[in-house]
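One file, final_2.txt, carrying compact mmCIF, C-alpha atoms:
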# COMPACT_ATOMS: atom_id res chain seq x y z
CA MET A 1235 68.54 113.68 130.54
CA THR A 1236 67.89 110.26 129.01
CA LEU A 1237 70.09 108.41 126.53
CA SER A 1238 67.62 109.24 123.75
CA ASP A 1239 67.72 112.93 124.69
CA LEU A 1240 71.52 112.94 124.68
CA LEU A 1241 71.85 111.14 121.34
CA ASN A 1242 69.14 113.24 119.72
CA TYR A 1243 70.89 116.41 120.89
CA ALA A 1244 74.26 115.19 119.58
CA ILE A 1245 72.82 114.16 116.22
CA THR A 1246 70.93 117.42 115.66
CA GLN A 1247 74.06 119.40 116.61
CA GLY A 1248 76.17 117.49 114.06
CA CYS A 1249 78.46 115.93 116.68
CA SER A 1250 80.80 113.06 115.87
CA ASP A 1251 81.17 111.54 119.36
CA VAL A 1252 79.44 111.28 122.72
CA HIS A 1253 81.09 110.35 126.04
CA ILE A 1254 79.23 108.98 129.05
CA THR A 1255 81.20 108.40 132.26
CA VAL A 1256 79.75 107.24 135.56
CA GLY A 1257 80.63 109.84 138.19
CA THR A 1258 81.29 112.88 135.99
CA HIS A 1259 79.89 115.10 133.23
CA LEU A 1260 78.68 114.03 129.81
CA ALA A 1261 80.66 115.29 126.82
CA ILE A 1262 80.24 115.63 123.06
CA ARG A 1263 82.74 116.24 120.27
CA LYS A 1264 81.76 118.71 117.55
CA ASN A 1265 84.05 119.70 114.68
CA GLY A 1266 86.91 117.99 116.50
CA THR A 1267 86.47 119.93 119.77
CA LEU A 1268 85.27 118.31 123.01
CA GLN A 1269 82.47 120.11 124.85
CA ILE A 1270 81.14 119.39 128.37
CA VAL A 1271 77.37 118.92 128.60
CA ASP A 1272 75.36 120.15 131.59
CA PRO A 1273 73.73 119.15 133.84
CA GLU A 1274 75.96 116.41 135.23
CA PRO A 1275 73.97 113.15 135.58
CA SER A 1276 73.91 111.19 138.80
CA MET A 1277 75.96 108.00 138.90
CA ASP A 1278 72.79 105.92 138.57
CA GLU A 1279 71.58 107.99 135.60
CA ALA A 1280 74.91 107.63 133.78
CA ARG A 1281 75.04 103.89 134.48
CA THR A 1282 71.46 103.50 133.20
CA MET A 1283 72.39 105.30 129.97
CA ILE A 1284 75.27 102.91 129.37
CA TYR A 1285 73.19 99.82 130.15
CA GLU A 1286 70.53 101.01 127.68
CA LEU A 1287 73.16 100.52 124.97
CA LEU A 1288 73.68 96.85 125.86
CA ASP A 1289 71.78 93.67 125.09
CA GLU A 1290 71.29 90.98 127.72
CA ARG A 1291 74.49 89.11 126.85
CA GLN A 1292 76.54 92.30 126.89
CA LYS A 1293 75.14 93.31 130.28
CA THR A 1294 76.74 90.17 131.70
CA GLU A 1295 80.01 90.53 129.78
CA VAL A 1296 80.57 94.21 130.59
CA GLU A 1297 81.28 93.44 134.24
CA THR A 1298 84.55 91.71 133.31
CA LYS A 1299 85.65 93.11 129.95
CA ASP A 1300 85.46 96.04 127.54
CA LEU A 1301 82.99 95.87 124.67
CA ASP A 1302 83.06 97.07 121.05
CA PHE A 1303 79.87 96.98 119.00
CA ALA A 1304 77.61 98.92 116.66
CA ARG A 1305 73.83 99.22 116.71
CA TYR A 1306 70.87 101.24 115.50
CA VAL A 1307 69.26 103.83 117.79
CA MET A 1308 66.48 106.41 117.58
CA GLY A 1309 63.98 103.89 116.22
CA GLY A 1310 66.43 102.58 113.64
CA LYS A 1311 67.08 106.03 112.14
CA SER A 1312 70.71 106.37 113.27
CA ARG A 1313 73.61 103.99 113.74
CA ILE A 1314 76.34 104.29 116.36
CA ARG A 1315 79.63 102.57 117.18
CA VAL A 1316 80.15 102.02 120.89
CA ASN A 1317 83.11 101.20 123.10
CA VAL A 1318 82.21 100.49 126.73
CA TYR A 1319 85.18 100.36 129.10
CA HIS A 1320 86.17 100.54 132.76
CA GLN A 1321 87.93 103.46 134.46
CA ARG A 1322 88.39 104.27 138.15
CA ASN A 1323 86.30 101.22 139.02
CA ASN A 1324 83.31 102.51 137.05
CA LEU A 1325 81.89 102.26 133.54
CA ALA A 1326 82.36 104.70 130.68
CA ALA A 1327 81.19 104.67 127.07
CA SER A 1328 82.56 106.32 123.95
CA ILE A 1329 79.96 106.57 121.19
CA ARG A 1330 80.75 107.41 117.56
CA ILE A 1331 77.75 108.69 115.60
CA LEU A 1332 77.75 107.24 112.10
CA SER A 1333 76.29 108.93 109.07
CA GLU A 1334 72.83 107.69 108.12
CA THR A 1335 73.93 107.47 104.49
CA ILE A 1336 77.27 106.59 102.96
CA PRO A 1337 78.81 109.80 101.58
CA SER A 1338 80.21 110.00 98.07
CA PHE A 1339 83.77 110.91 97.12
CA ASP A 1340 82.54 114.43 96.27
CA ASP A 1341 80.78 114.75 99.63
CA LEU A 1342 84.03 113.84 101.40
CA GLN A 1343 86.16 115.93 99.00
CA LEU A 1344 88.52 113.00 98.44
CA PRO A 1345 91.26 113.10 95.77
CA GLY A 1346 90.37 111.75 92.33
CA VAL A 1347 92.92 108.94 92.59
CA ILE A 1348 90.55 107.16 95.02
CA GLU A 1349 88.28 106.31 92.09
CA SER A 1350 91.15 104.67 90.17
CA PHE A 1351 91.95 102.50 93.22
CA CYS A 1352 88.35 101.24 93.23
CA ASN A 1353 88.71 100.12 89.60
CA LEU A 1354 91.83 98.02 90.20
CA PRO A 1355 91.48 94.29 89.42
CA ARG A 1356 93.82 93.23 92.25
CA GLY A 1357 96.41 94.48 94.73
CA LEU A 1358 96.58 96.18 98.13
CA VAL A 1359 95.26 99.69 98.83
CA LEU A 1360 95.67 101.26 102.28
CA ILE A 1361 93.77 104.14 103.85
CA THR A 1362 95.77 105.48 106.79
CA GLY A 1363 95.62 108.19 109.40
CA PRO A 1364 95.23 108.81 113.13
CA THR A 1365 92.17 107.72 115.10
CA GLY A 1366 89.13 109.79 114.14
CA SER A 1367 90.49 110.84 110.75
CA GLY A 1368 87.63 109.30 108.76
CA LYS A 1369 89.33 106.15 107.48
CA THR A 1370 86.24 103.95 107.95
CA THR A 1371 84.03 106.48 106.16
CA THR A 1372 86.47 106.66 103.23
CA LEU A 1373 86.47 102.86 102.95
CA ALA A 1374 82.67 102.80 103.12
CA SER A 1375 82.51 105.34 100.32
CA MET A 1376 84.85 103.17 98.22
CA ILE A 1377 82.78 100.03 98.81
CA ASP A 1378 79.57 101.91 97.95
CA TYR A 1379 81.18 103.24 94.75
CA ILE A 1380 82.10 99.70 93.70
CA ASN A 1381 78.69 98.37 94.75
CA ARG A 1382 77.03 100.78 92.30
CA ARG A 1383 79.32 99.94 89.36
CA ARG A 1384 80.84 96.44 89.50
CA PRO A 1385 79.10 93.04 89.58
CA CYS A 1386 81.48 91.40 92.06
CA HIS A 1387 81.65 89.64 95.43
CA ILE A 1388 82.86 91.85 98.29
CA MET A 1389 83.81 90.37 101.65
CA THR A 1390 84.30 92.74 104.61
CA ILE A 1391 85.91 91.84 107.95
CA GLU A 1392 85.16 94.50 110.55
CA ASP A 1393 85.38 95.13 114.30
CA PRO A 1394 82.60 96.13 114.66
CA ILE A 1395 80.45 96.47 111.54
CA GLU A 1396 79.69 100.17 111.17
CA TYR A 1397 78.09 100.87 107.80
CA ILE A 1398 75.48 98.46 106.42
CA TYR A 1399 75.59 97.88 102.65
CA ASN A 1400 72.58 96.93 100.54
CA HIS A 1401 73.24 94.76 97.49
CA LYS A 1402 73.24 96.77 94.26
CA LEU A 1403 75.42 95.39 91.47
CA ALA A 1404 77.72 93.70 93.97
CA MET A 1405 77.04 90.96 96.50
CA ILE A 1406 78.44 92.01 99.89
CA HIS A 1407 79.00 89.79 102.91
CA GLN A 1408 79.97 91.51 106.17
CA ARG A 1409 81.68 89.54 108.94
CA GLU A 1410 82.14 90.94 112.44
CA VAL A 1411 85.12 90.00 114.59
CA GLY A 1412 83.91 88.47 117.84
CA ARG A 1413 80.55 87.45 116.40
CA ASP A 1414 80.99 85.90 112.96
CA VAL A 1415 84.75 85.29 113.14
CA SER A 1416 87.33 85.02 115.92
CA ASP A 1417 89.95 87.39 114.48
CA TYR A 1418 91.05 89.22 111.34
CA ALA A 1419 93.78 86.80 110.28
CA SER A 1420 91.66 83.62 110.42
CA ALA A 1421 88.80 85.42 108.66
CA LEU A 1422 91.18 86.49 105.89
CA ARG A 1423 92.45 82.95 105.40
CA SER A 1424 88.89 81.65 105.32
CA SER A 1425 87.80 84.33 102.84
CA LEU A 1426 90.15 82.96 100.18
CA ARG A 1427 87.83 79.91 99.98
CA GLU A 1428 84.69 82.04 99.70
CA ASP A 1429 85.15 83.32 96.12
CA PRO A 1430 85.63 87.05 96.87
CA ASP A 1431 86.79 89.57 94.30
CA ILE A 1432 87.35 92.32 96.87
CA ILE A 1433 88.23 91.99 100.57
CA LEU A 1434 87.98 94.81 103.07
CA VAL A 1435 89.98 94.33 106.29
CA GLY A 1436 88.91 96.86 108.92
CA GLU A 1437 92.40 97.20 110.38
CA MET A 1438 95.79 95.52 109.94
CA ARG A 1439 96.52 95.26 113.67
CA ASP A 1440 99.35 92.72 113.72
CA TYR A 1441 101.81 90.93 111.50
CA GLU A 1442 99.60 87.85 111.18
CA THR A 1443 96.83 89.98 109.69
CA ILE A 1444 99.28 91.90 107.49
CA SER A 1445 100.72 88.63 106.17
CA ALA A 1446 97.26 87.24 105.42
CA ALA A 1447 96.25 90.46 103.63
CA ILE A 1448 99.39 90.36 101.49
CA THR A 1449 98.71 86.72 100.61
CA ALA A 1450 95.16 87.65 99.57
CA ALA A 1451 96.47 90.42 97.32
CA GLU A 1452 99.11 88.10 95.83
CA THR A 1453 96.47 85.53 94.95
CA GLY A 1454 94.56 87.94 92.72
CA HIS A 1455 92.21 89.79 95.08
CA LEU A 1456 91.75 93.52 95.59
CA VAL A 1457 92.34 94.18 99.30
CA PHE A 1458 91.47 97.38 101.16
CA SER A 1459 92.61 98.02 104.72
CA THR A 1460 93.74 100.67 107.22
CA LEU A 1461 96.73 101.50 109.39
CA HIS A 1462 97.29 104.18 112.03
CA THR A 1463 100.09 105.91 110.14
CA THR A 1464 100.33 109.48 108.87
CA SER A 1465 102.27 109.17 105.60
CA ALA A 1466 102.94 106.71 102.80
CA ALA A 1467 106.59 106.22 103.81
CA GLN A 1468 105.63 105.61 107.44
CA THR A 1469 103.01 103.10 106.27
CA VAL A 1470 105.59 101.04 104.40
CA ASP A 1471 107.98 101.20 107.36
CA ARG A 1472 105.27 100.11 109.80
CA ILE A 1473 104.45 97.04 107.71
CA ILE A 1474 108.10 96.07 107.31
CA ASP A 1475 108.97 96.70 110.97
CA GLY A 1476 106.17 94.40 112.08
CA CYS A 1477 107.78 91.46 110.31
CA PRO A 1478 110.41 89.21 111.94
CA LEU A 1479 113.93 90.24 110.87
CA GLU A 1480 114.56 87.12 108.81
CA GLY A 1481 111.48 87.76 106.65
CA ARG A 1482 111.83 91.46 105.94
CA ASP A 1483 113.72 91.21 102.65
CA GLN A 1484 111.08 88.89 101.23
CA LEU A 1485 108.30 91.15 102.54
CA ARG A 1486 109.84 94.17 100.80
CA ILE A 1487 109.76 92.26 97.50
CA GLN A 1488 106.15 91.21 98.07
CA LEU A 1489 105.04 94.69 99.07
CA SER A 1490 106.70 96.31 96.07
CA SER A 1491 104.69 94.08 93.76
CA ILE A 1492 101.22 94.18 95.37
CA LEU A 1493 100.92 97.60 97.08
CA TYR A 1494 99.09 99.77 94.54
CA GLY A 1495 98.33 102.84 96.59
CA VAL A 1496 98.26 104.60 99.97
CA VAL A 1497 95.99 107.47 100.98
CA SER A 1498 96.96 109.06 104.31
CA GLN A 1499 94.34 111.44 105.63
CA THR A 1500 93.60 113.77 108.52
CA LEU A 1501 90.59 115.93 109.41
CA ILE A 1502 91.14 119.65 110.03
CA PRO A 1503 88.71 122.30 111.33
CA THR A 1504 87.50 124.58 108.56
CA ALA A 1505 88.44 128.24 108.67
CA ASP A 1506 84.83 129.26 109.35
CA GLY A 1507 84.62 126.89 112.33
CA LYS A 1508 81.51 125.17 110.96
CA GLY A 1509 82.98 121.77 110.18
CA ARG A 1510 86.05 119.77 109.26
CA ILE A 1511 87.70 119.03 105.95
CA VAL A 1512 90.03 116.22 104.91
CA ALA A 1513 93.66 116.76 103.92
CA THR A 1514 95.44 113.88 102.24
CA GLU A 1515 98.72 112.47 101.01
CA THR A 1516 98.42 110.08 98.08
CA MET A 1517 100.95 107.57 96.81
CA VAL A 1518 100.48 105.56 93.63
CA MET A 1519 102.90 102.69 93.02
CA ASN A 1520 105.39 103.26 90.19
CA PRO A 1521 108.78 101.70 89.34
CA ALA A 1522 110.72 104.27 91.40
CA ILE A 1523 108.69 103.67 94.58
CA ALA A 1524 108.76 99.90 94.06
CA ASN A 1525 112.54 100.07 93.87
CA GLN A 1526 112.73 102.26 97.01
CA ILE A 1527 110.64 99.71 98.93
CA ARG A 1528 112.78 96.77 97.76
CA GLU A 1529 116.02 98.55 98.63
CA SER A 1530 114.79 99.87 102.00
CA LYS A 1531 115.03 103.50 100.86
CA THR A 1532 111.60 104.63 102.04
CA ALA A 1533 112.99 108.00 103.11
CA GLN A 1534 113.07 108.84 99.38
CA ILE A 1535 109.34 108.16 98.87
CA PRO A 1536 108.20 111.74 99.71
CA SER A 1537 110.49 113.15 97.02
CA THR A 1538 109.13 110.69 94.49
CA ILE A 1539 105.56 111.59 95.43
CA GLN A 1540 106.44 115.29 95.04
CA ALA A 1541 107.84 114.68 91.55
CA ASN A 1542 104.91 112.65 90.22
CA GLY A 1543 101.87 114.88 90.55
CA SER A 1544 100.76 113.87 87.06
CA MET A 1545 100.05 110.36 88.41
CA GLY A 1546 97.67 111.73 91.03
CA MET A 1547 100.27 111.82 93.81
CA HIS A 1548 100.76 114.64 96.31
CA THR A 1549 102.32 115.08 99.73
CA LEU A 1550 100.34 116.19 102.77
CA ASN A 1551 102.08 119.58 102.62
CA ASN A 1552 100.97 119.99 99.00
CA ASP A 1553 97.37 119.48 100.05
CA LEU A 1554 97.67 121.75 103.08
CA ILE A 1555 99.09 124.52 100.88
CA ARG A 1556 96.10 124.09 98.55
CA LEU A 1557 93.57 124.23 101.39
CA VAL A 1558 95.18 127.30 102.97
CA GLY A 1559 95.39 128.97 99.57
CA TYR A 1560 91.66 128.47 98.98
CA GLY A 1561 90.85 129.77 102.45
CA LYS A 1562 89.42 126.41 103.55
CA ILE A 1563 91.65 126.11 106.64
CA ASN A 1564 93.84 128.50 108.57
CA ARG A 1565 97.62 128.50 108.68
CA MET A 1566 98.03 127.41 112.30
CA ASP A 1567 95.80 124.37 111.90
CA ALA A 1568 97.75 123.37 108.78
CA LEU A 1569 101.06 123.60 110.63
CA ALA A 1570 99.64 121.55 113.52
CA VAL A 1571 98.94 118.48 111.34
CA SER A 1572 101.88 118.71 108.92
CA ASN A 1573 104.56 115.99 108.87
CA ASP A 1574 107.05 118.74 107.96
CA PRO A 1575 105.85 121.98 109.62
CA THR A 1576 109.18 123.76 109.03
CA GLY A 1577 108.99 123.11 105.30
CA LEU A 1578 105.33 124.08 105.22
CA ALA A 1579 105.91 127.33 107.14
CA ASN A 1580 108.19 128.50 104.35
CA GLN A 1581 105.46 128.02 101.75
CA ILE A 1582 102.30 129.42 103.34
Could you quickly redo this structure as structure tokens?
Amino acid sequence: MTLSDLLNYAITQGCSDVHITVGTHLAIRKNGTLQIVDPEPSMDEARTMIYELLDERQKTEVETKDLDFARYVMGGKSRIRVNVYHQRNNLAASIRILSETIPSFDDLQLPGVIESFCNLPRGLVLITGPTGSGKTTTLASMIDYINRRRPCHIMTIEDPIEYIYNHKLAMIHQREVGRDVSDYASALRSSLREDPDIILVGEMRDYETISAAITAAETGHLVFSTLHTTSAAQTVDRIIDGCPLEGRDQLRIQLSSILYGVVSQTLIPTADGKGRIVATETMVMNPAIANQIRESKTAQIPSTIQANGSMGMHTLNNDLIRLVGYGKINRMDALAVSNDPTGLANQI
């Protein structure tokens, strides 16, 4: 089997990921489940597949370090994100297959509050969730929505660039960490001198990046980013905990004034086994939540979300109850992803 054969098979089967490892079987991930692919390639065949993904510079670099990049394959018809790494003294590659088109909010079945976040003039909006929960696709859908409706300047900082945007009403500049910029934080600081209206930060990995993103939001920009957290309250705690102790009180004040919304999402297998569907928790900033952030009472945020459904807020359990009720997902899968499975078990 060649690399083209493998990727073509994965794409036609609707897979999300492909794994190539020198010295063992190939694997694909479909609807969240990993499947082994036969026949097992020889070590030379697997190594050749991985090297076909690399350009000349990367073929030299891969001997000493891991690589993250995105590229077109299949004659430019499909785009993939690739991580090449070392394990047991051999190479392996994890390949994420990206959608050929950017899906809409309806395609992704995202909550309506997402649209209101795209229309904000300024502030910080975070899309959170575990690895593989669709955060990048949600952000891409938001940028595409804005691109179709607002004449503005959008600056993205990504590692690597996954979706490619064509200019519509907006002008979009995409900067890749490691190629166009050295790191997220310096790119954010530089972007403030580049006249952006909207800044997308692929991931807030460290406090330096978080601080730069908050500064950008404070100076009148709309900032979108991601964190690997599973709820709105945990998101706030993660940001605060990443700050040195002496600066946390000030950060709570800043965050309470510029954080406009959090969408925490996870992908769950559908009840019919034919795909996956997103379940979300949504938080929209209001005076009660702002006060809870300032006073370090984030444990109260879920109750406030529960009580403010009219503002477009809902907890993850609320959404799981809805999806189970409509027969979209089964009960056991809902309990497996819930932040409060005991509470959920009493309601479904």
Students should find that atom CA of Asn1317 of chain A and atom CA of Ile1432 of chain A are spaced 28.0 Å
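Between atom CA of His1455 of chain A and atom CA of Asp1417 of chain A the interatomic distance comes to 19.7 Å.
With all atoms listed in the file as the atoms that count, the minimum distance from Ile1329 of chain A to the choices A:Asp1251, A:Ile1262, A:Ile1377, A:Gly1476 is reached by A:Asp1251.
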For His1407 of chain A: contacts at 8 Å, only C-alpha atoms, fewer than 2 positions along chain excluded, given as a PyMOL selection string
chain A and resi 1387-1390+1405+1409
Grab the residues selected above and save them as a PDB file, in the coordinates of the input with C-alpha atoms.
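Saved the output as selection33.pdb:
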ATOM      1  CA  HIS A1387      81.650  89.640  95.430  1.00  0.00           C
ATOM      2  CA  ILE A1388      82.860  91.850  98.290  1.00  0.00           C
ATOM      3  CA  MET A1389      83.810  90.370 101.650  1.00  0.00           C
ATOM      4  CA  THR A1390      84.300  92.740 104.610  1.00  0.00           C
ATOM      5  CA  MET A1405      77.040  90.960  96.500  1.00  0.00           C
ATOM      6  CA  ARG A1409      81.680  89.540 108.940  1.00  0.00           C
TER       7      ARG A1409
END
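Between atom CA of Ala1446 of chain A and atom CA of Ser1459 of chain A there is a distance of 11.8 Å.
For Val1497 of chain A, the non-local neighbours within 7 Å, defined as residues at least 4 positions apart in the same chain or in other chains and counting only C-alpha atoms, are Leu1360, Ile1361, Thr1362, Thr1514, Glu1515, Thr1516 and Met1517 of chain A.
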Output of the above residues as a PDB file, in the frame of the given file, restricted to C-alpha atoms:
ATOM      1  CA  LEU A1360      95.670 101.260 102.280  1.00  0.00           C
ATOM      2  CA  ILE A1361      93.770 104.140 103.850  1.00  0.00           C
ATOM      3  CA  THR A1362      95.770 105.480 106.790  1.00  0.00           C
ATOM      4  CA  THR A1514      95.440 113.880 102.240  1.00  0.00           C
ATOM      5  CA  GLU A1515      98.720 112.470 101.010  1.00  0.00           C
ATOM      6  CA  THR A1516      98.420 110.080  98.080  1.00  0.00           C
ATOM      7  CA  MET A1517     100.950 107.570  96.810  1.00  0.00           C
TER       8      MET A1517
END
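The nearest approach to Tyr1319 of chain A among the residues A:Ala1466, A:Met1438, A:Gly1495, A:Thr1298, with all atoms listed in the file taken into account, belongs to A:Thr1298.
Nearest-residue note for Gly1546 of chain A: choosing from A:Ala1244, A:Leu1237, A:Ile1348, A:Ile1511, the minimum distance belongs to A:Ile1348, counting all atoms listed in the file.
When only C-alpha atoms are used to compute distances to Ser1338 of chain A, the closest of the residues A:Ala1304, A:Ala1374, A:Gly1248, A:Val1316 turns out to be A:Ala1374.
Among the candidates A:Leu1550, A:Met1519, A:Leu1485, A:Cys1386, the one nearest to Pro1345 of chain A when counting all atoms listed in the file is A:Leu1550.
The environment of His1548 of chain A within 12 Å, counting all atoms listed in the file and disregarding residues fewer than 6 places along the same chain, consists of Pro1345, Gly1346, Val1347, Ser1465, Ala1466, Val1496, Val1497, Ser1498, Gln1499, Ala1513, Thr1514, Glu1515, Thr1516, Met1517, Val1518, Ile1535, Pro1536, Ser1537, Thr1538, Ile1539, Gln1540, Ala1541, Asn1542, Leu1554, Ile1555 and Arg1556 of chain A.
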Selected residue of minimal separation from Ile1433 of chain A among A:Leu1358, A:Asp1393, A:Arg1383, A:Asp1475, counting all atoms listed in the file:
A:Leu1358
Neighbouring residues of segment 1419-1431 of chain A were defined as those with any atom within 12 Å, considering all atoms listed in the file; residues of the same chain fewer than 5 positions away were excluded. Please report them as a ChimeraX atom specification.
/A:1352-1357,1380-1381,1384-1393,1404-1414,1436-1459
Go ahead and save the residues from that selection, with C-alpha atoms, as a CSV table (one decimal), in the coordinates of the input.
chain,number,residue,atom,x,y,z
A,1352,CYS,CA,88.4,101.2,93.2
A,1353,ASN,CA,88.7,100.1,89.6
A,1354,LEU,CA,91.8,98.0,90.2
A,1355,PRO,CA,91.5,94.3,89.4
A,1356,ARG,CA,93.8,93.2,92.2
A,1357,GLY,CA,96.4,94.5,94.7
A,1380,ILE,CA,82.1,99.7,93.7
A,1381,ASN,CA,78.7,98.4,94.8
A,1384,ARG,CA,80.8,96.4,89.5
A,1385,PRO,CA,79.1,93.0,89.6
A,1386,CYS,CA,81.5,91.4,92.1
A,1387,HIS,CA,81.6,89.6,95.4
A,1388,ILE,CA,82.9,91.8,98.3
A,1389,MET,CA,83.8,90.4,101.6
A,1390,THR,CA,84.3,92.7,104.6
A,1391,ILE,CA,85.9,91.8,108.0
A,1392,GLU,CA,85.2,94.5,110.6
A,1393,ASP,CA,85.4,95.1,114.3
A,1404,ALA,CA,77.7,93.7,94.0
A,1405,MET,CA,77.0,91.0,96.5
A,1406,ILE,CA,78.4,92.0,99.9
A,1407,HIS,CA,79.0,89.8,102.9
A,1408,GLN,CA,80.0,91.5,106.2
A,1409,ARG,CA,81.7,89.5,108.9
A,1410,GLU,CA,82.1,90.9,112.4
A,1411,VAL,CA,85.1,90.0,114.6
A,1412,GLY,CA,83.9,88.5,117.8
A,1413,ARG,CA,80.6,87.4,116.4
A,1414,ASP,CA,81.0,85.9,113.0
A,1436,GLY,CA,88.9,96.9,108.9
A,1437,GLU,CA,92.4,97.2,110.4
A,1438,MET,CA,95.8,95.5,109.9
A,1439,ARG,CA,96.5,95.3,113.7
A,1440,ASP,CA,99.4,92.7,113.7
A,1441,TYR,CA,101.8,90.9,111.5
A,1442,GLU,CA,99.6,87.8,111.2
A,1443,THR,CA,96.8,90.0,109.7
A,1444,ILE,CA,99.3,91.9,107.5
A,1445,SER,CA,100.7,88.6,106.2
A,1446,ALA,CA,97.3,87.2,105.4
A,1447,ALA,CA,96.2,90.5,103.6
A,1448,ILE,CA,99.4,90.4,101.5
A,1449,THR,CA,98.7,86.7,100.6
A,1450,ALA,CA,95.2,87.6,99.6
A,1451,ALA,CA,96.5,90.4,97.3
A,1452,GLU,CA,99.1,88.1,95.8
A,1453,THR,CA,96.5,85.5,95.0
A,1454,GLY,CA,94.6,87.9,92.7
A,1455,HIS,CA,92.2,89.8,95.1
A,1456,LEU,CA,91.8,93.5,95.6
A,1457,VAL,CA,92.3,94.2,99.3
A,1458,PHE,CA,91.5,97.4,101.2
A,1459,SER,CA,92.6,98.0,104.7
Around the point (107.0, 94.3, 106.8) in the file's coordinates, collect all residues with an atom within 10 Å, using only C-alpha atoms, and return them as a VMD selection string.
chain A and resid 1441 1444 to 1445 1469 to 1479 1481 to 1489
Box time for segment 1256-1259 of chain A: axis-aligned, enclosing all its listed atoms, 6 Å extra on each side; report centre and edge lengths in Å to one decimal, as JSON.
{"center_x": 80.5, "center_y": 111.2, "center_z": 135.7, "size_x": 13.5, "size_y": 19.9, "size_z": 17.0}
Find the residues near Asp1341 of chain A: any atom within 12 Å, counting all atoms listed in the file, skip ones fewer than 6 places away on the same chain, and give them as a ChimeraX atom specification.
/A:1333,1335,1371-1372,1375,1511-1512
